[in-house]
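Okay, start23.txt now, which holds compact mmCIF, C-alpha atoms:
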# COMPACT_ATOMS: atom_id res chain seq x y z
CA MET V 660 116.45 243.02 -92.23
CA GLU V 661 117.47 242.07 -95.60
CA ILE V 662 120.88 240.94 -94.41
CA THR V 663 119.24 238.89 -91.60
CA VAL V 664 116.81 237.19 -93.94
CA ILE V 665 119.62 236.33 -96.28
CA HIS V 666 121.55 234.91 -93.32
CA LEU V 667 118.58 232.89 -92.07
CA ILE V 668 118.01 231.57 -95.58
CA ILE V 669 121.58 230.43 -95.89
CA LEU V 670 121.26 228.52 -92.61
CA GLY V 671 117.91 227.18 -93.60
CA VAL V 672 116.41 228.30 -90.24
CA ILE V 673 114.04 231.14 -89.53
CA THR V 674 115.29 233.07 -86.43
CA VAL V 675 113.55 236.07 -84.78
CA PRO V 676 115.81 238.52 -82.93
CA VAL V 677 115.37 239.50 -79.18
CA SER V 678 113.24 242.59 -78.48
CA ASN V 679 110.80 244.12 -75.98
CA VAL V 680 112.35 242.54 -72.82
CA THR V 681 110.18 243.37 -69.78
CA VAL V 682 109.96 242.22 -66.12
CA ASN V 683 106.77 242.02 -64.09
CA ALA V 684 106.84 241.62 -60.28
CA SER V 685 104.11 240.07 -58.18
CA GLY V 686 104.73 242.84 -55.67
CA THR V 687 107.36 245.44 -54.76
CA ASP V 688 106.39 246.47 -51.19
CA LEU V 689 107.61 243.52 -49.14
CA VAL V 690 108.39 242.59 -45.52
CA GLU V 691 111.66 240.91 -44.67
CA PHE V 692 111.47 237.23 -43.73
CA SER V 693 107.72 237.01 -44.35
CA SER V 694 107.14 238.07 -47.99
CA SER V 695 107.90 236.22 -51.24
CA VAL V 696 108.06 237.68 -54.76
CA HIS V 697 107.79 236.35 -58.31
CA LEU V 698 109.60 238.15 -61.10
CA SER V 699 108.55 237.16 -64.65
CA CYS V 700 110.63 238.05 -67.69
CA SER V 701 109.03 238.26 -71.16
CA SER V 702 110.60 239.02 -74.56
CA SER V 703 109.97 238.79 -78.30
CA GLY V 704 112.23 236.57 -80.36
CA SER V 705 113.03 232.94 -80.79
CA SER V 706 115.40 230.45 -79.18
CA LEU V 707 115.54 232.61 -76.06
CA SER V 708 117.74 232.14 -72.99
CA PHE V 709 117.33 234.07 -69.70
CA LEU V 710 119.81 235.45 -67.12
CA TRP V 711 118.85 237.35 -63.94
CA LEU V 712 120.99 240.05 -62.40
CA ASN V 713 120.78 241.59 -58.89
CA GLY V 714 122.75 244.77 -59.34
CA SER V 715 125.84 243.60 -61.20
CA SER V 716 125.78 240.06 -59.76
CA GLU V 717 124.23 237.06 -61.47
CA VAL V 718 121.39 235.48 -59.52
CA ALA V 719 121.89 231.77 -58.85
CA ALA V 720 119.37 229.25 -57.56
CA SER V 721 119.47 228.43 -53.81
CA ASP V 722 117.16 227.37 -50.98
CA ARG V 723 115.34 230.70 -51.15
CA VAL V 724 115.84 231.47 -54.85
CA GLN V 725 114.07 229.47 -57.56
CA LEU V 726 114.48 229.77 -61.35
CA THR V 727 111.60 228.23 -63.33
CA ASP V 728 109.95 228.33 -66.79
CA GLY V 729 113.26 228.00 -68.51
CA GLY V 730 114.71 230.66 -66.30
CA SER V 731 112.18 233.28 -67.23
CA THR V 732 110.63 233.28 -63.75
CA LEU V 733 112.59 234.24 -60.60
CA THR V 734 110.98 233.42 -57.27
CA ILE V 735 112.48 234.64 -53.97
CA VAL V 736 111.04 233.16 -50.80
CA ASN V 737 111.22 235.06 -47.47
CA VAL V 738 112.96 238.05 -48.91
CA THR V 739 115.75 239.83 -47.03
CA ARG V 740 116.91 243.44 -47.17
CA TYR V 741 119.63 242.33 -49.58
CA ASP V 742 117.01 241.27 -52.17
CA GLN V 743 115.85 244.80 -52.95
CA GLY V 744 117.61 244.91 -56.32
CA PRO V 745 117.75 246.43 -58.82
CA PHE V 746 116.79 243.27 -60.71
CA ARG V 747 117.25 242.99 -64.49
CA CYS V 748 116.44 240.23 -66.93
CA ARG V 749 118.86 239.66 -69.79
CA VAL V 750 117.50 237.69 -72.79
CA PHE V 751 119.64 236.42 -75.62
CA ASN V 752 119.73 234.01 -78.57
CA PRO V 753 122.62 233.14 -80.82
CA PHE V 754 122.29 236.29 -82.84
CA SER V 755 120.97 239.00 -80.46
CA ASN V 756 120.27 239.97 -76.81
CA GLY V 757 118.34 242.46 -74.76
CA THR V 758 118.02 243.61 -71.14
CA SER V 759 114.96 244.77 -69.25
CA ASP V 760 114.58 247.98 -67.29
CA PRO V 761 115.54 247.62 -63.59
CA VAL V 762 112.95 246.58 -61.03
CA ASN V 763 113.48 247.66 -57.40
CA LEU V 764 111.83 246.02 -54.41
CA THR V 765 110.98 247.94 -51.25
CA ILE V 766 111.72 245.62 -48.33
CA SER V 767 110.75 246.72 -44.85
CA TYR V 768 112.80 245.33 -41.96
CA GLY V 769 113.56 245.86 -38.30
CA PRO V 770 113.60 247.29 -35.79
CA GLU V 771 116.79 245.71 -34.51
CA ASN V 772 120.08 246.62 -32.81
CA ILE V 773 118.30 249.07 -30.56
CA TYR V 774 120.70 251.45 -28.82
CA PHE V 775 119.89 253.47 -25.69
CA THR V 776 122.17 256.25 -24.31
CA ILE V 777 122.01 258.76 -21.45
CA SER V 778 123.74 262.14 -21.68
CA PRO V 779 125.72 263.23 -19.79
CA THR V 780 127.08 259.77 -19.13
CA GLN V 781 127.04 259.33 -15.36
CA GLU V 782 125.50 257.11 -12.74
CA SER V 783 123.71 259.78 -10.75
CA PHE V 784 122.21 263.20 -11.30
CA GLU V 785 121.80 266.04 -8.87
CA GLU V 786 118.26 267.06 -8.12
CA GLY V 787 117.38 270.07 -10.30
CA SER V 788 119.77 269.18 -13.14
CA ASN V 789 118.92 268.20 -16.75
CA THR V 790 119.56 265.00 -18.71
CA SER V 791 118.76 263.62 -22.14
CA LEU V 792 117.90 260.03 -23.11
CA SER V 793 118.34 258.91 -26.74
CA CYS V 794 117.17 255.80 -28.54
CA SER V 795 118.00 254.49 -32.02
CA ALA V 796 117.42 251.30 -33.99
CA VAL V 797 118.09 249.81 -37.41
CA SER V 798 114.73 249.92 -39.21
CA ARG V 799 113.05 250.51 -42.58
CA PRO V 800 110.99 252.57 -42.52
CA SER V 801 112.27 254.58 -39.50
CA ALA V 802 111.00 253.22 -36.22
CA LEU V 803 108.63 254.95 -33.86
CA PHE V 804 109.79 255.19 -30.23
CA ASN V 805 107.96 254.93 -26.93
CA TRP V 806 109.43 255.41 -23.46
CA PHE V 807 108.90 253.44 -20.26
CA LEU V 808 109.73 254.24 -16.63
CA ASN V 809 109.77 251.23 -14.32
CA GLY V 810 107.70 249.41 -16.94
CA ASP V 811 105.03 252.11 -17.23
CA LEU V 812 104.40 253.70 -20.63
CA GLN V 813 105.17 257.41 -20.66
CA SER V 814 103.37 260.03 -22.69
CA ASP V 815 106.60 261.15 -24.36
CA THR V 816 107.42 259.70 -27.79
CA GLY V 817 110.27 260.08 -30.25
CA PRO V 818 113.93 259.10 -30.36
CA GLU V 819 114.91 261.54 -27.57
CA LEU V 820 113.53 262.10 -24.08
CA THR V 821 114.71 265.24 -22.27
CA LEU V 822 114.32 265.51 -18.51
CA ILE V 823 114.51 269.10 -17.21
CA ASN V 824 114.87 270.06 -13.55
CA ILE V 825 114.74 266.42 -12.57
CA GLN V 826 113.39 265.48 -9.16
CA MET V 827 113.56 262.39 -6.99
CA SER V 828 110.37 261.16 -8.65
CA HIS V 829 112.26 260.87 -11.95
CA SER V 830 114.53 258.17 -10.52
CA GLY V 831 114.03 254.69 -11.90
CA ASN V 832 114.66 252.24 -14.73
CA TYR V 833 114.18 253.79 -18.16
CA SER V 834 113.79 251.81 -21.38
CA CYS V 835 112.80 252.66 -24.92
CA GLN V 836 110.76 250.61 -27.41
CA ALA V 837 111.14 250.86 -31.19
CA PHE V 838 108.16 249.96 -33.43
CA ASN V 839 108.04 249.45 -37.22
CA LYS V 840 104.55 250.09 -38.52
CA LYS V 841 105.24 248.14 -41.75
CA THR V 842 106.74 245.02 -40.25
CA MET V 843 104.55 245.38 -37.13
CA ARG V 844 107.55 244.38 -35.06
CA TYR V 845 108.84 245.75 -31.73
CA GLN V 846 112.19 245.80 -29.99
CA THR V 847 112.75 247.07 -26.44
CA SER V 848 116.06 248.19 -25.00
CA GLN V 849 117.61 246.95 -21.79
CA PRO V 850 116.65 249.24 -18.88
CA SER V 851 119.09 251.92 -17.76
CA VAL V 852 119.02 253.45 -14.31
CA VAL V 853 118.60 257.17 -13.79
CA SER V 854 119.43 257.94 -10.16
CA VAL V 855 118.42 261.40 -8.94
CA LEU V 856 120.14 262.34 -5.68
CA GLU V 857 119.73 265.17 -3.24
CA ARG V 858 122.95 267.02 -2.53
CA ILE V 859 124.52 266.34 0.89
CA SER V 860 124.24 269.28 3.26
CA GLY V 861 124.31 270.11 6.96
CA ALA V 862 126.87 267.46 7.93
CA SER V 863 127.42 267.21 11.70
CA VAL V 864 129.03 265.05 14.36
CA LYS V 865 127.32 265.02 17.77
CA SER V 866 128.39 263.42 21.02
CA SER V 867 126.12 261.63 23.47
CA THR V 868 127.72 263.67 26.28
CA ASN V 869 129.45 267.02 26.63
CA MET V 870 131.62 265.77 29.51
CA PRO V 871 133.30 262.52 28.43
CA ILE V 872 135.08 260.92 31.39
CA GLU V 873 137.74 258.23 31.17
CA GLY V 874 136.17 254.82 31.62
CA SER V 875 132.69 255.90 30.50
CA SER V 876 130.98 255.03 27.20
CA VAL V 877 130.35 257.66 24.51
CA ASN V 878 128.72 257.69 21.05
CA LEU V 879 129.67 260.02 18.20
CA THR V 880 126.89 260.24 15.59
CA CYS V 881 127.51 261.44 12.02
CA ASP V 882 124.45 262.80 10.20
CA ALA V 883 123.59 264.94 7.17
CA ALA V 884 120.67 265.86 4.96
CA GLY V 885 120.52 264.44 1.44
CA ALA V 886 121.37 261.06 -0.06
CA VAL V 887 124.16 259.54 2.05
CA PHE V 888 126.11 256.75 0.37
CA THR V 889 129.25 256.41 2.48
CA ARG V 890 130.70 257.65 5.77
CA LYS V 891 134.40 257.66 6.54
CA TRP V 892 135.95 258.50 9.93
CA VAL V 893 139.25 260.32 10.39
CA LYS V 894 141.16 261.13 13.59
CA ASP V 895 143.68 263.98 13.73
CA GLY V 896 144.01 263.99 9.93
CA SER V 897 144.56 260.23 9.47
CA ASN V 898 142.13 257.44 8.69
CA LEU V 899 140.67 256.15 11.94
CA THR V 900 142.14 252.87 13.14
CA LEU V 901 139.69 251.10 15.42
CA THR V 902 141.01 250.00 18.80
CA GLU V 903 139.57 247.41 21.14
CA ASN V 904 137.32 249.96 22.79
CA MET V 905 135.77 251.28 19.52
CA ILE V 906 132.87 249.99 17.42
CA LEU V 907 131.40 251.36 14.16
CA HIS V 908 127.78 250.48 13.44
CA ASP V 909 124.63 251.67 11.64
CA ASN V 910 126.54 251.83 8.33
CA ASN V 911 129.37 253.76 9.99
CA ARG V 912 126.92 256.38 11.20
CA VAL V 913 127.77 255.83 14.88
CA LEU V 914 131.25 255.54 16.40
CA SER V 915 130.95 254.03 19.88
CA PHE V 916 133.59 254.10 22.60
CA ILE V 917 132.93 251.24 25.01
CA SER V 918 135.29 252.59 27.68
CA LEU V 919 137.01 255.92 27.02
CA ASN V 920 140.77 256.21 27.40
CA LYS V 921 142.65 259.50 27.67
CA LYS V 922 144.39 258.54 24.40
CA ASP V 923 141.00 258.81 22.70
CA SER V 924 141.20 262.60 22.93
CA GLY V 925 141.56 264.27 19.54
CA GLU V 926 139.75 265.77 16.55
CA TYR V 927 137.36 263.34 14.87
CA SER V 928 136.09 263.99 11.33
CA CYS V 929 133.29 262.28 9.45
CA LYS V 930 133.35 262.49 5.64
CA ILE V 931 129.91 261.92 4.12
CA SER V 932 129.79 261.22 0.36
CA ASN V 933 127.53 260.41 -2.54
CA PRO V 934 128.28 260.57 -6.29
CA ILE V 935 127.22 264.22 -6.31
CA ASN V 936 129.29 265.75 -3.50
CA THR V 937 131.13 265.25 -0.21
CA GLU V 938 130.79 267.08 3.11
CA GLU V 939 132.91 266.82 6.25
CA ALA V 940 132.09 267.53 9.89
CA THR V 941 134.46 267.56 12.86
CA TYR V 942 134.17 267.10 16.61
CA THR V 943 136.90 267.51 19.21
CA VAL V 944 136.85 264.91 21.98
CA VAL V 945 138.47 265.94 25.26
CA VAL V 946 138.57 262.99 27.64
CA ASN V 947 138.45 264.16 31.25
CA TYR V 948 140.66 262.03 33.47
CA GLY V 949 142.75 262.01 36.61
CA PRO V 950 144.18 263.17 38.81
CA GLU V 951 147.00 260.65 38.66
CA ASN V 952 150.79 260.51 39.11
CA VAL V 953 150.76 263.21 41.82
CA GLN V 954 154.23 264.53 42.76
CA ILE V 955 155.69 267.08 45.21
CA THR V 956 158.90 268.94 44.44
CA GLY V 957 160.85 271.09 46.92
CA PRO V 958 163.55 270.88 49.66
CA ASN V 959 163.54 268.24 52.39
CA GLU V 960 165.58 270.42 54.80
CA ILE V 961 165.32 274.12 55.59
CA HIS V 962 166.50 276.59 58.26
CA ILE V 963 164.57 279.03 60.36
CA GLU V 964 163.91 282.41 58.68
CA GLN V 965 164.04 280.82 55.19
CA THR V 966 161.02 280.68 52.80
CA LEU V 967 159.67 277.24 51.99
CA THR V 968 158.27 276.59 48.46
CA LEU V 969 156.68 273.24 47.62
CA THR V 970 155.04 272.48 44.25
CA CYS V 971 152.37 269.82 43.76
CA SER V 972 151.59 268.52 40.26
CA ALA V 973 149.34 265.83 38.75
CA GLU V 974 148.26 264.51 35.36
CA SER V 975 144.67 265.66 34.99
CA THR V 976 142.15 267.06 32.51
CA PRO V 977 140.89 269.57 33.43
CA SER V 978 143.65 270.78 35.75
CA ALA V 979 143.34 269.47 39.28
CA SER V 980 142.77 271.52 42.41
CA TYR V 981 145.19 270.93 45.32
CA THR V 982 144.92 270.86 49.12
CA TRP V 983 147.93 271.03 51.50
CA THR V 984 147.92 269.72 55.07
CA LEU V 985 150.56 269.50 57.80
CA ASN V 986 150.20 267.02 60.59
CA GLY V 987 146.45 266.83 59.90
CA ALA V 988 145.84 270.58 59.73
CA GLU V 989 144.78 272.13 56.39
CA LEU V 990 147.19 274.79 55.20
CA GLN V 991 146.46 276.03 51.70
CA ASN V 992 144.51 275.31 48.47
CA SER V 993 146.87 275.84 45.54
CA ALA V 994 149.41 273.98 43.47
CA ILE V 995 152.29 275.98 44.97
CA PHE V 996 152.65 276.14 48.75
CA THR V 997 154.81 278.88 50.32
CA LYS V 998 155.60 279.62 53.97
CA ASN V 999 158.14 281.67 55.97
CA ILE V 1000 159.77 279.21 58.37
CA THR V 1001 159.85 280.72 61.87
CA GLU V 1002 159.75 277.75 64.20
CA LEU V 1003 161.25 274.32 64.52
CA SER V 1004 157.69 273.04 64.78
CA ASP V 1005 157.30 273.79 61.07
CA SER V 1006 159.01 270.45 60.53
CA GLY V 1007 156.75 267.54 59.63
CA ASN V 1008 154.94 265.70 56.88
CA TYR V 1009 153.51 268.06 54.27
CA ILE V 1010 150.70 266.28 52.42
CA CYS V 1011 149.28 267.22 48.98
CA GLU V 1012 145.96 265.89 47.73
CA ALA V 1013 144.73 266.54 44.13
CA MET V 1014 141.10 266.56 43.01
CA ASN V 1015 139.41 266.76 39.56
CA ASN V 1016 136.09 268.57 39.85
CA VAL V 1017 134.79 267.07 36.55
CA THR V 1018 135.69 263.42 37.11
CA GLY V 1019 134.93 263.77 40.84
CA ARG V 1020 138.04 261.78 41.58
CA THR V 1021 140.60 262.44 44.32
CA SER V 1022 144.18 261.27 44.20
CA SER V 1023 146.02 259.33 46.85
CA SER V 1024 147.77 261.64 49.32
CA VAL V 1025 151.43 262.31 48.62
CA VAL V 1026 153.70 262.99 51.64
CA HIS V 1027 156.76 265.27 51.66
CA GLN V 1028 158.90 265.16 54.81
CA LEU V 1029 160.52 268.46 55.88
CA SER V 1030 163.14 269.02 58.58
CA VAL V 1031 163.67 272.54 60.04
CA THR V 1032 167.02 273.38 61.71
CA ALA V 1033 167.89 276.37 63.97
CA VAL V 1034 171.33 277.37 62.62
CA LYS V 1035 171.54 278.95 59.32
CA THR V 1036 174.83 278.14 57.64
CA SER V 1037 176.11 281.12 55.73
CA PRO V 1038 178.36 280.39 52.89
CA CYS V 1039 181.87 282.06 53.13
CA SER V 1040 184.61 282.08 50.59
CA ALA V 1041 188.28 281.24 51.29
CA GLY V 1042 189.17 284.97 51.31
CA CYS V 1043 186.44 285.62 53.83
CA ILE V 1044 187.74 282.87 56.14
CA ALA V 1045 191.34 284.16 55.87
CA GLY V 1046 190.21 287.69 56.81
CA LEU V 1047 188.40 286.43 59.89
CA VAL V 1048 191.49 284.47 61.06
CA ILE V 1049 193.77 287.51 60.67
CA ALA V 1050 191.33 289.74 62.55
CA CYS V 1051 191.22 287.26 65.43
CA LEU V 1052 195.02 287.09 65.62
CA VAL V 1053 195.28 290.88 65.71
CA ILE V 1054 192.75 291.17 68.52
CA CYS V 1055 194.42 288.40 70.49
CA GLY V 1056 197.86 289.99 70.09
CA ALA V 1057 196.53 293.32 71.26
CA GLY V 1058 194.98 291.72 74.33
CA PHE V 1059 198.08 289.85 75.36
CA GLY V 1060 200.27 292.93 74.81
CA GLY V 1061 198.05 295.13 76.95
CA GLY V 1062 197.97 292.59 79.76
CA TYR V 1063 201.69 292.14 79.77
CA TYR V 1064 202.32 295.94 79.87
CA ILE V 1065 200.07 296.37 82.91
CA TYR V 1066 201.73 293.52 84.71
CA LYS V 1067 205.27 294.94 84.23
CA LYS V 1068 204.19 298.36 85.32
CA ARG V 1069 202.70 297.02 88.54
CA ILE V 1070 205.90 295.22 89.50
CA ASN V 1071 208.24 298.04 88.68
CA ASN V 1072 206.30 300.89 90.28
CA LYS V 1073 204.93 299.15 93.35
CA PRO V 1074 201.60 300.76 93.10
CA GLN V 1075 199.30 301.87 95.90
CA ALA V 1076 196.40 299.80 96.93
CA HIS V 1077 193.77 301.66 94.90
CA ASP V 1078 196.02 301.67 91.87
CA THR V 1079 196.58 298.02 92.23
CA GLU V 1080 192.83 297.38 92.24
CA ARG V 1081 192.36 299.50 89.15
CA GLU V 1082 195.08 297.67 87.31
CA GLU V 1083 193.68 294.31 88.27
CA HIS V 1084 190.27 295.41 87.02
CA MET V 1085 191.74 296.40 83.66
CA TYR V 1086 193.52 293.09 83.41
CA GLU V 1087 190.32 291.25 84.05
CA ASN V 1088 188.54 293.22 81.32
CA THR V 1089 191.31 292.44 78.87
CA SER V 1090 191.08 288.78 79.71
CA GLU V 1091 187.33 288.85 79.11
CA VAL V 1092 187.85 290.40 75.70
CA TYR V 1093 190.29 287.65 74.85
CA GLU V 1094 187.95 285.00 76.04
CA ASN V 1095 185.13 286.43 73.96
CA ILE V 1096 187.38 286.32 70.93
With the file now loaded, output its structure as structure tokens.
Amino acid sequence: MEITVIHLIILGVITVPVSNVTVNASGTDLVEFSSSVHLSCSSSGSSLSFLWLNGSSEVAASDRVQLTDGGSTLTIVNVTRYDQGPFRCRVFNPFSNGTSDPVNLTISYGPENIYFTISPTQESFEEGSNTSLSCSAVSRPSALFNWFLNGDLQSDTGPELTLINIQMSHSGNYSCQAFNKKTMRYQTSQPSVVSVLERISGASVKSSTNMPIEGSSVNLTCDAAGAVFTRKWVKDGSNLTLTENMILHDNNRVLSFISLNKKDSGEYSCKISNPINTEEATYTVVVNYGPENVQITGPNEIHIEQTLTLTCSAESTPSASYTWTLNGAELQNSAIFTKNITELSDSGNYICEAMNNVTGRTSSSVVHQLSVTAVKTSPCSAGCIAGLVIACLVICGAGFGGGYYIYKKRINNKPQAHDTEREEHMYENTSEVYENI
């Protein structure tokens, strides 16, 4: 003090040093955007100057910040969360300075930036499963949370809502609402859908008839229990390509055949799906048709004592039954006709007629002309023919030799009358043998 007094005397001015710097606030519990605060700085000393600090940064005047009373008063209008401090007041004069203790403001704000999540993250949940809904928001103090289903307030509160063994009744639009009891402000999330689905089961494909006939109309109906989203038809392992005689309707539930064709036969599958699972059902369509393209195979010529075999065939599902007739008389009911040919009268027009007992249709008659001959030609090889020729020549030579011997004997011996008759009789017999050969 003595040094200071000496200094002040030399200058001829009495100067009091800075001391006891304090800050008083009009309030410290504030609400963002709606509260204002006045900070007043006081200090002992003379020729004082004032500087305000927010943290380590100097506070400058702006639209919301006012410095008055020579800078000793700091007014902040509509405080924000960034105005919470700590605020200090620094006081100085040419020879000394001092700084106040920090003043902190408690500024309540929010809620804002609300964030709603569903776990596990998926569009749909199987009936009987569990799910958890979470809600968060930026808020001071921490927000309180309420839950809504389809706009109706639920009894559950808190940042998390757990749904256990969910049922169809739990489906709907969920939203959460955050509330700040200091700011008295609310914020509500956008709704999120929780879809609870029943698992698909009991898939089946049924036909409107058990006996589909070519040309008739038939419906195949694909049904299942549970929540059905999509139906997809497959034929013989490949995606079904609709033809002119097919129509899909009732959201692909029904496959209609306007006029069945035999090419429509096959295995039809219906795949029923939802986001939970997929089931498949099959049905085999057998189109009954015919008979058509009837044909007879077999010989057109045959000899007596041979066996006749004629075969009648037709395109037909189920297999056709066959009837044979000859010259208007019914012969046999089978696809294969057999007969031992004994008479020339077995010749004629053999007629086959095919019938489908399911379609009730009968084919046009098919005619097979058969000719029966009396002589049976036996095949003989070249060796066989040569043997027969040689045998004939031997027999002929023997006949001529015997005849000539008898003739010479009769001339030379002048035979009696009865001998002559006997010789002539032998000659005649030899001649007959030759003729027969």
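Counting all atoms listed in the file, Leu712 in chain V has the following residues at most 6 Å away, ignoring those fewer than 3 positions along the same chain: Ser716, Glu717, Val718, Phe746 and Arg747 of chain V.
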Report task. One decimal, Å: what's the distance from CA of Leu812 in chain V over to CA of Asn839 in chain V, could you say? Result ->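 Taking CA of Leu812 in chain V and CA of Asn839 in chain V, their separation equals 17.5 Å.
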Residues of range 714-820 of chain V at most 8 Å from range 702-706 of chain V: nearest atom pair and distance in Å, only C-alpha atoms, as CSV:
residue,atom,partner,partner_atom,distance
V:Val750,CA,V:Ser702,CA,7.2
V:Asn752,CA,V:Ser706,CA,5.6
V:Pro753,CA,V:Ser706,CA,7.9
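The residue that comes closest to Ser798 in chain V, out of V:Glu974, V:Asp1005, V:Glu782, V:Glu771 and on the basis of all atoms listed in the file, is V:Glu771.
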Query raised in the report: With all atoms listed in the file as the basis for distance, which of V:Leu985, V:Ile673, V:Val944, V:Ile906 is at the shortest distance from Asn869 in chain V?
Result: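 That would be V:Val944, the residue with the smallest distance to Asn869 in chain V.
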Query raised in the report: Between V:Ser694, V:Gln781, V:Thr790, V:Gln849, which one has atoms that come closest to Asn809 in chain V, using all atoms listed in the file?
Result: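 Of V:Ser694, V:Gln781, V:Thr790, V:Gln849, the one nearest Asn809 in chain V is V:Gln849, counting all atoms listed in the file.
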Query raised in the report: Any idea what's packed within 9 Å of range 729-741 of chain V, counting only C-alpha atoms, ignoring anything in its chain fewer than 6 positions away? Could you give it as a VMD selection string?
Result: chain V and resid 689 to 701 708 to 711 718 720 722 to 723 748 750 765 to 768
Requested in this report: Rank nothing, just name the residue among V:Gln846, V:Thr984, V:Thr868, V:Thr941 nearest to Trp892 in chain V, using only C-alpha atoms.
Outcome: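 Between V:Gln846, V:Thr984, V:Thr868, V:Thr941, the residue approaching Trp892 in chain V most closely is V:Thr941.
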**Report entry** Point-to-point distance in Å for CA of Ile1010 in chain V and CA of Glu960 in chain V
**Finding:** 15.6 Å
Query raised in the report: So which one's closest to Ile773 in chain V, V:Leu822, V:Pro800, V:Cys835, V:Ser814? Using all atoms listed in the file, please.
Result: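 Between V:Leu822, V:Pro800, V:Cys835, V:Ser814, the residue approaching Ile773 in chain V most closely is V:Cys835.
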Report task. Determine the nearest neighbour of Pro934 in chain V from the options V:Val797, V:Val1025, V:Ala886, V:Val677, counting all atoms listed in the file. Result -> V:Ala886
